[in-house]
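Note sheet for the following structure.
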Amino acid sequence: MYLRRYFPVFCLLFLVILVQVGLTALKLEFYMTQLTMSAYYTLVALGLTLLMGYAGQVSMGHGGFFAIGGYAAAVLATVGFASWVSLPAAILITGLVALLIGIPVLRLRGHYLAMATLAFGIIVLRILLGTNLFGGADGLSDIPAFRLFAGLAITGRKALRVQNYYIAWGLVLVGLLTGINLVHSRVGRALRAIHGNEDAAAAMGVDVARFKLATFVLSALYAGVGGACLAFFNGGIGPGEAGVMKSVRYVALVAAGGMGSLWGTLAVSTALTFLSLRGAFGVYDDAVFGAILVGIMLFAPEGVFSLLARRNRPGNAQ
Amino acid sequence: MSRALLEVNSLHRWFGGLHVIDEVSFSCRAGIVKAIIGPNGAGKTTLFNLIAGSLAPASGSILFDGRPTGGLPPHQIARRGISRTFQATRLFPRMSVLENVMVGRHVRTRGGFMASMIGPALMGPGEKRAREACLAVLDELGAADLAGRDAASLAFGRQRVVEIARALASEPRLLLLDEPACGLNPAETEDMGALIGRIRDRGITVLIVEHDMSLVMGISDEVLVLSAGRRIAEGAPRDVQADPQVVAVYLGEADA
């Protein structure tokens, strides 16, 4: 039973190593920079999958949490706090904001929750733009590297490109593994029950409000880790990370991955974010993600992989 | 004489200007099947929702095992040992039958977000025991073969049985069944009656709202009759059936 659950994780680990070895052998190491960045964005999408796909609660404001993690880490590191203080503090701050926002906002459902979280993202964006401490429209740059140990650091320096690729994908593997454990647990079942029918879940003893809030905070923590690490990796962060289109993008990735599929999100997010970072969509970048969201909702509400599954399933009338 | 497991005192609840539950008092001994009957709109389901915590009483008290539960949220009432089914079955879609029943096991298992994320190293043994307990419940209800099926794909009658299994998985002391025979054919209704009898024989007190009179009279130890939010009769099925007020209400006479 556990073999079936964890075997794909080992396959992914193997694939991560294979890609690195292949890129190094082919002298295409520069691709690893975008693969590292897409790993951090994928972390956000994984957290959002737990919230949207399992607990059934939409958030159109996860770009805001990503930005809070990133900016908090950037400010703290720039002010001179040690790496091992600034990163945990940044993650903690993200979690606290999520807790304070989540308590009132999660009373809302459906469209109303979507609007409230959307508004939250906009508030974060305007605060970042209007505050000198956060560098206004320019954002923050020259953030000191996050020193791990023995010369290892989260930084964009070319000399540490391979190491950073592994750090980022190591975090994705941890995020994926803990996510998989969660969804297969008592808590995961309770979340899916909430998604299915809140009244029935409550009647079975599930503290609906508490579980929703905890999942909201957890998904914000995934986003905070992604934001903080990417800020260190890039040595900077801009207000665009809190933009509405960034939040919509995460929702699109989760929807395209099949809503309730960590693996689907991982595959879609890695591929599309990588292409986007390589500039494959040009000036139409945001339009592409918007179009993906519309297309998924119209033609494949169960995600892109359901299209393949449907074709292969025998005796399906549709 | 066993003491009352559930005690409802002068319970009151209104929606707008309508008194849906009007000064209702009754009690339910442990180990019996008690039916709540009455015409449509009598307030039966509202009474259930008040006991289960889906609604808060406007006034009056509900004591479960001597402790007040009126106004507590449903998940806390579930923890005290009251479980329920719904008039229109509310199984969790996109989950297997076994997973549905395991949600019912929620109050009997431990482990929050942290422990769950660390995984089988911490949660494994408890998870295994929960699975076995739930399979045993399904087996007892003759639904073991459904364990792996998608809950939403089941025939209506089977969904009912699974919903009862889900409620029983929490090992409740009081089980609330809201119209368990509604939508069932006569054969299924007969099976349902036998099932309710078996549940009582396990020592679980059953409170049932039901329209099917032959089922009610066949399985109930006591009957409570509501009309327009008020208690109009209470007692053994035979006595209640002979009560002129009850007869009047069911025949639709004006001076009920």
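Naming works like this for the structure tokens: A, B, ... for the chains as they're shown, residue 1 at the start of each chain, ligands 1 onward in shown order.
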Requested in this report: For region 94-104 of chain A, work out the shell of residues within 8 Å, counting only C-alpha atoms and skipping chain neighbours fewer than 5 positions away, then give it as number ranges by chain.
Outcome: A: 65, 68-69, 213, 216-218, 220-221, 224
Would you put the residues from that selection into a file with N, CA and C atoms, as an mmCIF file, in the first residue's frame?
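Wrote part.cif, looks like this:
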data_model
loop_
_atom_site.group_PDB
_atom_site.id
_atom_site.type_symbol
_atom_site.label_atom_id
_atom_site.label_comp_id
_atom_site.auth_asym_id
_atom_site.auth_seq_id
_atom_site.Cartn_x
_atom_site.Cartn_y
_atom_site.Cartn_z
ATOM 1 N N PHE A 65 0.452 35.909 -0.487
ATOM 2 C CA PHE A 65 1.224 35.184 0.523
ATOM 3 C C PHE A 65 2.657 34.930 0.048
ATOM 4 N N ILE A 68 4.420 38.151 0.565
ATOM 5 C CA ILE A 68 4.697 38.423 1.977
ATOM 6 C C ILE A 68 5.924 37.630 2.429
ATOM 7 N N GLY A 69 5.970 36.350 2.071
ATOM 8 C CA GLY A 69 7.138 35.529 2.404
ATOM 9 C C GLY A 69 8.414 36.114 1.816
ATOM 10 N N LEU A 213 -9.404 26.639 8.338
ATOM 11 C CA LEU A 213 -8.414 27.652 8.693
ATOM 12 C C LEU A 213 -7.010 27.056 8.665
ATOM 13 N N PHE A 216 -5.881 26.623 5.164
ATOM 14 C CA PHE A 216 -5.594 27.942 4.587
ATOM 15 C C PHE A 216 -4.195 28.400 5.016
ATOM 16 N N VAL A 217 -3.912 28.280 6.310
ATOM 17 C CA VAL A 217 -2.598 28.688 6.822
ATOM 18 C C VAL A 217 -1.503 27.797 6.229
ATOM 19 N N LEU A 218 -1.772 26.488 6.189
ATOM 20 C CA LEU A 218 -0.773 25.566 5.634
ATOM 21 C C LEU A 218 -0.441 25.927 4.193
ATOM 22 N N ALA A 220 -0.755 28.778 2.799
ATOM 23 C CA ALA A 220 -0.017 30.048 2.796
ATOM 24 C C ALA A 220 1.449 29.814 3.175
ATOM 25 N N LEU A 221 1.693 28.844 4.061
ATOM 26 C CA LEU A 221 3.072 28.534 4.440
ATOM 27 C C LEU A 221 3.852 27.990 3.236
ATOM 28 N N GLY A 224 4.663 30.964 1.326
ATOM 29 C CA GLY A 224 5.685 31.768 1.998
ATOM 30 C C GLY A 224 7.077 31.187 1.807
#
Counting only C-alpha atoms, which residues of chain A sit at most 8 Å from some atom of chain B, and what is each one's closest atom pair with its distance in Å to one decimal, listed by chain and rising residue number, as JSON lines?
{"residue": "A:Leu177", "atom": "CA", "partner": "B:Met117", "partner_atom": "CA", "distance": 7.9}
{"residue": "A:Thr178", "atom": "CA", "partner": "B:Met117", "partner_atom": "CA", "distance": 4.6}
{"residue": "A:Gly179", "atom": "CA", "partner": "B:Met117", "partner_atom": "CA", "distance": 6.5}
{"residue": "A:Ile180", "atom": "CA", "partner": "B:Met117", "partner_atom": "CA", "distance": 7.8}
{"residue": "A:Asn181", "atom": "CA", "partner": "B:Gly119", "partner_atom": "CA", "distance": 5.0}
{"residue": "A:Leu182", "atom": "CA", "partner": "B:Met117", "partner_atom": "CA", "distance": 4.7}
{"residue": "A:Ser185", "atom": "CA", "partner": "B:Ser116", "partner_atom": "CA", "distance": 5.7}
{"residue": "A:Arg186", "atom": "CA", "partner": "B:His106", "partner_atom": "CA", "distance": 6.9}
{"residue": "A:Val187", "atom": "CA", "partner": "B:Gly112", "partner_atom": "CA", "distance": 6.4}
{"residue": "A:Arg189", "atom": "CA", "partner": "B:Val103", "partner_atom": "CA", "distance": 6.3}
{"residue": "A:Ala190", "atom": "CA", "partner": "B:Val103", "partner_atom": "CA", "distance": 6.2}
{"residue": "A:Arg192", "atom": "CA", "partner": "B:Phe92", "partner_atom": "CA", "distance": 7.7}
{"residue": "A:Ala193", "atom": "CA", "partner": "B:Phe92", "partner_atom": "CA", "distance": 5.7}
{"residue": "A:Gly196", "atom": "CA", "partner": "B:Phe92", "partner_atom": "CA", "distance": 4.9}
{"residue": "A:Asn197", "atom": "CA", "partner": "B:Phe92", "partner_atom": "CA", "distance": 6.3}
{"residue": "A:Asp199", "atom": "CA", "partner": "B:Ser54", "partner_atom": "CA", "distance": 7.8}
{"residue": "A:Ala200", "atom": "CA", "partner": "B:Arg90", "partner_atom": "CA", "distance": 6.3}
{"residue": "A:Ala201", "atom": "CA", "partner": "B:Val103", "partner_atom": "CA", "distance": 7.6}
{"residue": "A:Ala202", "atom": "CA", "partner": "B:His75", "partner_atom": "CA", "distance": 4.8}
{"residue": "A:Ala203", "atom": "CA", "partner": "B:Pro74", "partner_atom": "CA", "distance": 5.4}
{"residue": "A:Met204", "atom": "CA", "partner": "B:Gly104", "partner_atom": "CA", "distance": 5.2}
{"residue": "A:Gly205", "atom": "CA", "partner": "B:His75", "partner_atom": "CA", "distance": 3.8}
{"residue": "A:Val206", "atom": "CA", "partner": "B:His75", "partner_atom": "CA", "distance": 5.5}
{"residue": "A:Asp207", "atom": "CA", "partner": "B:His75", "partner_atom": "CA", "distance": 5.7}
{"residue": "A:Ala214", "atom": "CA", "partner": "B:Phe113", "partner_atom": "CA", "distance": 7.9}
Selection export as an mmCIF file, in the first residue's frame, atoms kept: N, CA and C atoms:
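That gives us result_33.cif:
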data_model
loop_
_atom_site.group_PDB
_atom_site.id
_atom_site.type_symbol
_atom_site.label_atom_id
_atom_site.label_comp_id
_atom_site.auth_asym_id
_atom_site.auth_seq_id
_atom_site.Cartn_x
_atom_site.Cartn_y
_atom_site.Cartn_z
ATOM 1 N N LEU A 177 5.745 15.247 -0.497
ATOM 2 C CA LEU A 177 5.654 14.091 0.401
ATOM 3 C C LEU A 177 4.727 14.378 1.579
ATOM 4 N N THR A 178 4.909 15.533 2.207
ATOM 5 C CA THR A 178 4.037 15.867 3.340
ATOM 6 C C THR A 178 2.599 16.055 2.860
ATOM 7 N N GLY A 179 2.448 16.624 1.657
ATOM 8 C CA GLY A 179 1.110 16.790 1.089
ATOM 9 C C GLY A 179 0.450 15.445 0.838
ATOM 10 N N ILE A 180 1.202 14.512 0.277
ATOM 11 C CA ILE A 180 0.663 13.172 0.004
ATOM 12 C C ILE A 180 0.268 12.495 1.309
ATOM 13 N N ASN A 181 1.129 12.604 2.315
ATOM 14 C CA ASN A 181 0.796 12.018 3.619
ATOM 15 C C ASN A 181 -0.498 12.607 4.158
ATOM 16 N N LEU A 182 -0.605 13.926 4.035
ATOM 17 C CA LEU A 182 -1.779 14.605 4.581
ATOM 18 C C LEU A 182 -3.067 14.123 3.913
ATOM 19 N N SER A 185 -4.545 10.826 5.022
ATOM 20 C CA SER A 185 -4.692 10.641 6.464
ATOM 21 C C SER A 185 -6.119 10.936 6.905
ATOM 22 N N ARG A 186 -6.335 10.808 8.182
ATOM 23 C CA ARG A 186 -7.585 11.200 8.825
ATOM 24 C C ARG A 186 -7.944 12.649 8.493
ATOM 25 N N VAL A 187 -6.926 13.523 8.536
ATOM 26 C CA VAL A 187 -7.167 14.936 8.231
ATOM 27 C C VAL A 187 -7.553 15.109 6.760
ATOM 28 N N ARG A 189 -9.018 12.995 4.784
ATOM 29 C CA ARG A 189 -10.395 12.539 4.582
ATOM 30 C C ARG A 189 -11.376 13.587 5.094
ATOM 31 N N ALA A 190 -11.042 14.184 6.244
ATOM 32 C CA ALA A 190 -11.925 15.215 6.800
ATOM 33 C C ALA A 190 -12.023 16.398 5.830
ATOM 34 N N ARG A 192 -11.652 16.354 2.534
ATOM 35 C CA ARG A 192 -12.474 15.987 1.380
ATOM 36 C C ARG A 192 -13.944 15.915 1.784
ATOM 37 N N ALA A 193 -14.194 15.514 3.028
ATOM 38 C CA ALA A 193 -15.571 15.488 3.520
ATOM 39 C C ALA A 193 -16.139 16.907 3.574
ATOM 40 N N GLY A 196 -17.020 17.899 0.208
ATOM 41 C CA GLY A 196 -18.213 17.208 -0.278
ATOM 42 C C GLY A 196 -19.494 17.711 0.349
ATOM 43 N N ASN A 197 -19.510 17.876 1.665
ATOM 44 C CA ASN A 197 -20.730 18.330 2.347
ATOM 45 C C ASN A 197 -20.375 18.779 3.762
ATOM 46 N N ASP A 199 -22.147 20.127 6.192
ATOM 47 C CA ASP A 199 -23.046 19.736 7.283
ATOM 48 C C ASP A 199 -22.803 18.298 7.703
ATOM 49 N N ALA A 200 -22.643 17.424 6.710
ATOM 50 C CA ALA A 200 -22.417 16.019 7.036
ATOM 51 C C ALA A 200 -21.056 15.851 7.713
ATOM 52 N N ALA A 201 -20.057 16.597 7.264
ATOM 53 C CA ALA A 201 -18.731 16.509 7.889
ATOM 54 C C ALA A 201 -18.819 16.932 9.356
ATOM 55 N N ALA A 202 -19.521 18.029 9.606
ATOM 56 C CA ALA A 202 -19.672 18.505 10.988
ATOM 57 C C ALA A 202 -20.419 17.481 11.831
ATOM 58 N N ALA A 203 -21.436 16.854 11.231
ATOM 59 C CA ALA A 203 -22.213 15.861 11.968
ATOM 60 C C ALA A 203 -21.374 14.639 12.323
ATOM 61 N N MET A 204 -20.289 14.422 11.580
ATOM 62 C CA MET A 204 -19.391 13.312 11.883
ATOM 63 C C MET A 204 -18.285 13.732 12.855
ATOM 64 N N GLY A 205 -18.367 14.955 13.366
ATOM 65 C CA GLY A 205 -17.417 15.386 14.380
ATOM 66 C C GLY A 205 -16.244 16.191 13.843
ATOM 67 N N VAL A 206 -16.268 16.544 12.552
ATOM 68 C CA VAL A 206 -15.176 17.339 11.986
ATOM 69 C C VAL A 206 -15.402 18.812 12.336
ATOM 70 N N ASP A 207 -14.395 19.430 12.944
ATOM 71 C CA ASP A 207 -14.471 20.857 13.266
ATOM 72 C C ASP A 207 -14.184 21.627 11.972
ATOM 73 N N ALA A 214 -6.864 25.868 9.251
ATOM 74 C CA ALA A 214 -5.544 25.237 9.287
ATOM 75 C C ALA A 214 -5.025 24.974 7.876
#
**Report entry** All alpha helix (DSSP H) residues (DSSP, backbone) inside region 238-290 of chain A, as an MDAnalysis selection string
**Finding:** chainID A and resid 244:256 262:277 285:290
Please produce an output containing N, CA and C atoms for each residue in the selection, written as a compact mmCIF listing (two decimals), in the first residue's frame.
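Result written to result.txt:
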# COMPACT_ATOMS: atom_id res chain seq x y z
N VAL A 244 -2.61 40.45 -9.26
CA VAL A 244 -3.80 39.61 -9.44
C VAL A 244 -3.50 38.48 -10.42
N MET A 245 -2.78 38.82 -11.49
CA MET A 245 -2.53 37.79 -12.51
C MET A 245 -1.66 36.65 -11.98
N LYS A 246 -0.79 36.97 -11.03
CA LYS A 246 0.02 35.89 -10.42
C LYS A 246 -0.90 34.94 -9.64
N SER A 247 -1.83 35.52 -8.89
CA SER A 247 -2.75 34.69 -8.11
C SER A 247 -3.64 33.86 -9.03
N VAL A 248 -4.11 34.48 -10.11
CA VAL A 248 -4.94 33.76 -11.08
C VAL A 248 -4.14 32.62 -11.70
N ARG A 249 -2.85 32.89 -11.92
CA ARG A 249 -1.98 31.87 -12.51
C ARG A 249 -1.92 30.62 -11.63
N TYR A 250 -1.77 30.82 -10.31
CA TYR A 250 -1.72 29.66 -9.42
C TYR A 250 -3.02 28.87 -9.47
N VAL A 251 -4.14 29.60 -9.51
CA VAL A 251 -5.43 28.93 -9.60
C VAL A 251 -5.52 28.13 -10.89
N ALA A 252 -5.04 28.74 -11.99
CA ALA A 252 -5.07 28.06 -13.30
C ALA A 252 -4.24 26.78 -13.25
N LEU A 253 -3.09 26.85 -12.61
CA LEU A 253 -2.22 25.67 -12.53
C LEU A 253 -2.89 24.54 -11.76
N VAL A 254 -3.52 24.90 -10.64
CA VAL A 254 -4.20 23.88 -9.83
C VAL A 254 -5.37 23.29 -10.60
N ALA A 255 -6.12 24.15 -11.29
CA ALA A 255 -7.27 23.67 -12.06
C ALA A 255 -6.82 22.76 -13.20
N ALA A 256 -5.78 23.18 -13.90
CA ALA A 256 -5.29 22.38 -15.02
C ALA A 256 -4.72 21.05 -14.53
N LEU A 262 -2.19 16.41 -6.48
CA LEU A 262 -0.87 16.97 -6.24
C LEU A 262 0.06 16.67 -7.41
N TRP A 263 -0.04 15.46 -7.95
CA TRP A 263 0.84 15.10 -9.07
C TRP A 263 0.49 15.87 -10.32
N GLY A 264 -0.81 16.06 -10.56
CA GLY A 264 -1.24 16.82 -11.72
C GLY A 264 -0.75 18.26 -11.64
N THR A 265 -0.90 18.86 -10.45
CA THR A 265 -0.43 20.22 -10.24
C THR A 265 1.07 20.30 -10.47
N LEU A 266 1.79 19.34 -9.91
CA LEU A 266 3.25 19.34 -10.04
C LEU A 266 3.66 19.33 -11.51
N ALA A 267 3.05 18.43 -12.29
CA ALA A 267 3.43 18.29 -13.70
C ALA A 267 3.08 19.55 -14.48
N VAL A 268 1.84 20.01 -14.33
CA VAL A 268 1.39 21.19 -15.09
C VAL A 268 2.18 22.42 -14.68
N SER A 269 2.35 22.59 -13.38
CA SER A 269 3.01 23.79 -12.88
C SER A 269 4.47 23.85 -13.33
N THR A 270 5.17 22.75 -13.20
CA THR A 270 6.57 22.74 -13.60
C THR A 270 6.71 23.06 -15.08
N ALA A 271 5.90 22.41 -15.89
CA ALA A 271 6.01 22.59 -17.34
C ALA A 271 5.65 24.02 -17.75
N LEU A 272 4.48 24.50 -17.30
CA LEU A 272 4.02 25.81 -17.76
C LEU A 272 4.87 26.94 -17.18
N THR A 273 5.23 26.84 -15.90
CA THR A 273 6.04 27.89 -15.31
C THR A 273 7.41 27.95 -15.97
N PHE A 274 7.97 26.78 -16.26
CA PHE A 274 9.26 26.75 -16.94
C PHE A 274 9.17 27.43 -18.30
N LEU A 275 8.14 27.06 -19.07
CA LEU A 275 7.97 27.67 -20.39
C LEU A 275 7.79 29.18 -20.27
N SER A 276 6.99 29.59 -19.28
CA SER A 276 6.73 31.01 -19.08
C SER A 276 8.03 31.75 -18.75
N LEU A 277 8.83 31.16 -17.87
CA LEU A 277 10.08 31.80 -17.46
C LEU A 277 11.09 31.84 -18.61
N ASP A 285 2.08 36.30 -22.02
CA ASP A 285 2.25 35.42 -20.86
C ASP A 285 0.99 35.31 -20.00
N ASP A 286 0.50 36.45 -19.52
CA ASP A 286 -0.69 36.45 -18.67
C ASP A 286 -1.92 35.96 -19.43
N ALA A 287 -1.99 36.34 -20.71
CA ALA A 287 -3.13 35.93 -21.54
C ALA A 287 -3.16 34.42 -21.67
N VAL A 288 -1.98 33.80 -21.79
CA VAL A 288 -1.92 32.34 -21.93
C VAL A 288 -2.50 31.68 -20.69
N PHE A 289 -2.10 32.16 -19.50
CA PHE A 289 -2.59 31.54 -18.27
C PHE A 289 -4.09 31.79 -18.08
N GLY A 290 -4.55 32.98 -18.48
CA GLY A 290 -5.98 33.26 -18.42
C GLY A 290 -6.75 32.35 -19.35
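Here the question is which of B:Asp22, B:Asp65, B:Asp243, B:Glu179 gets nearest to His211 (chain B) using only C-alpha atoms, and that residue is B:Glu179.
CA of Leu106 (chain A) is positioned 26.2 Å from CA of Ala58 (chain B).
DSSP secondary structure from the backbone places Val33, Lys34, Ala35, Ile36, Ile37, Ser59, Gly60, Ser61, Ile62, Leu63, Phe64, Arg67, Pro68, Ile82, Ser83, Arg84, Leu174, Leu175, Leu176, Leu177, Asp178, Thr205, Val206, Leu207, Ile208 and Val209 of chain B of region 32-216 of chain B in strand (DSSP E).
Distance annotation: of A:Gly47, A:Gly279, A:Pro239, A:Gly61, the residue with the minimal separation from Gly130 (chain A) is A:Pro239; atom set is only C-alpha atoms.
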Report summary line: Of A:Gly151, A:Pro301, A:Gly136, A:Gly226, the one nearest to Ala73 (chain A) when counting only C-alpha atoms is A:Gly226
Report task. Can you pull out every residue within 12 Å of Cys229 (chain A), counting only C-alpha atoms, but drop anything in the same chain fewer than 6 positions away, and send it as a ChimeraX atom specification? Result -> /A:36-41,43-44,66-74,77,83,86-88,90-91,143-148,153-156,164-165,167-169,171-172,222-223,235-237
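Take CA of Leu15 (chain A) and CA of Gly295 (chain A): the distance between them is 29.4 Å.
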**Report entry** Among the residues A:Glu241, A:Thr42, A:Leu51, A:Leu133, the one that comes closest to Phe211 (chain A) [using only C-alpha atoms]
**Finding:** A:Leu51
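Counting only C-alpha atoms, the residue from A:Ala159, A:Met60, A:Leu173, A:Leu92 that sits nearest to Thr33 (chain A) is A:Ala159.
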**Report entry** Close residues, Gly243 (chain A) itself excluded, 7 Å, only C-alpha atoms, min 3 positions apart in chain, as number ranges by chain
**Finding:** A: 63, 121-122, 125, 240, 246-247
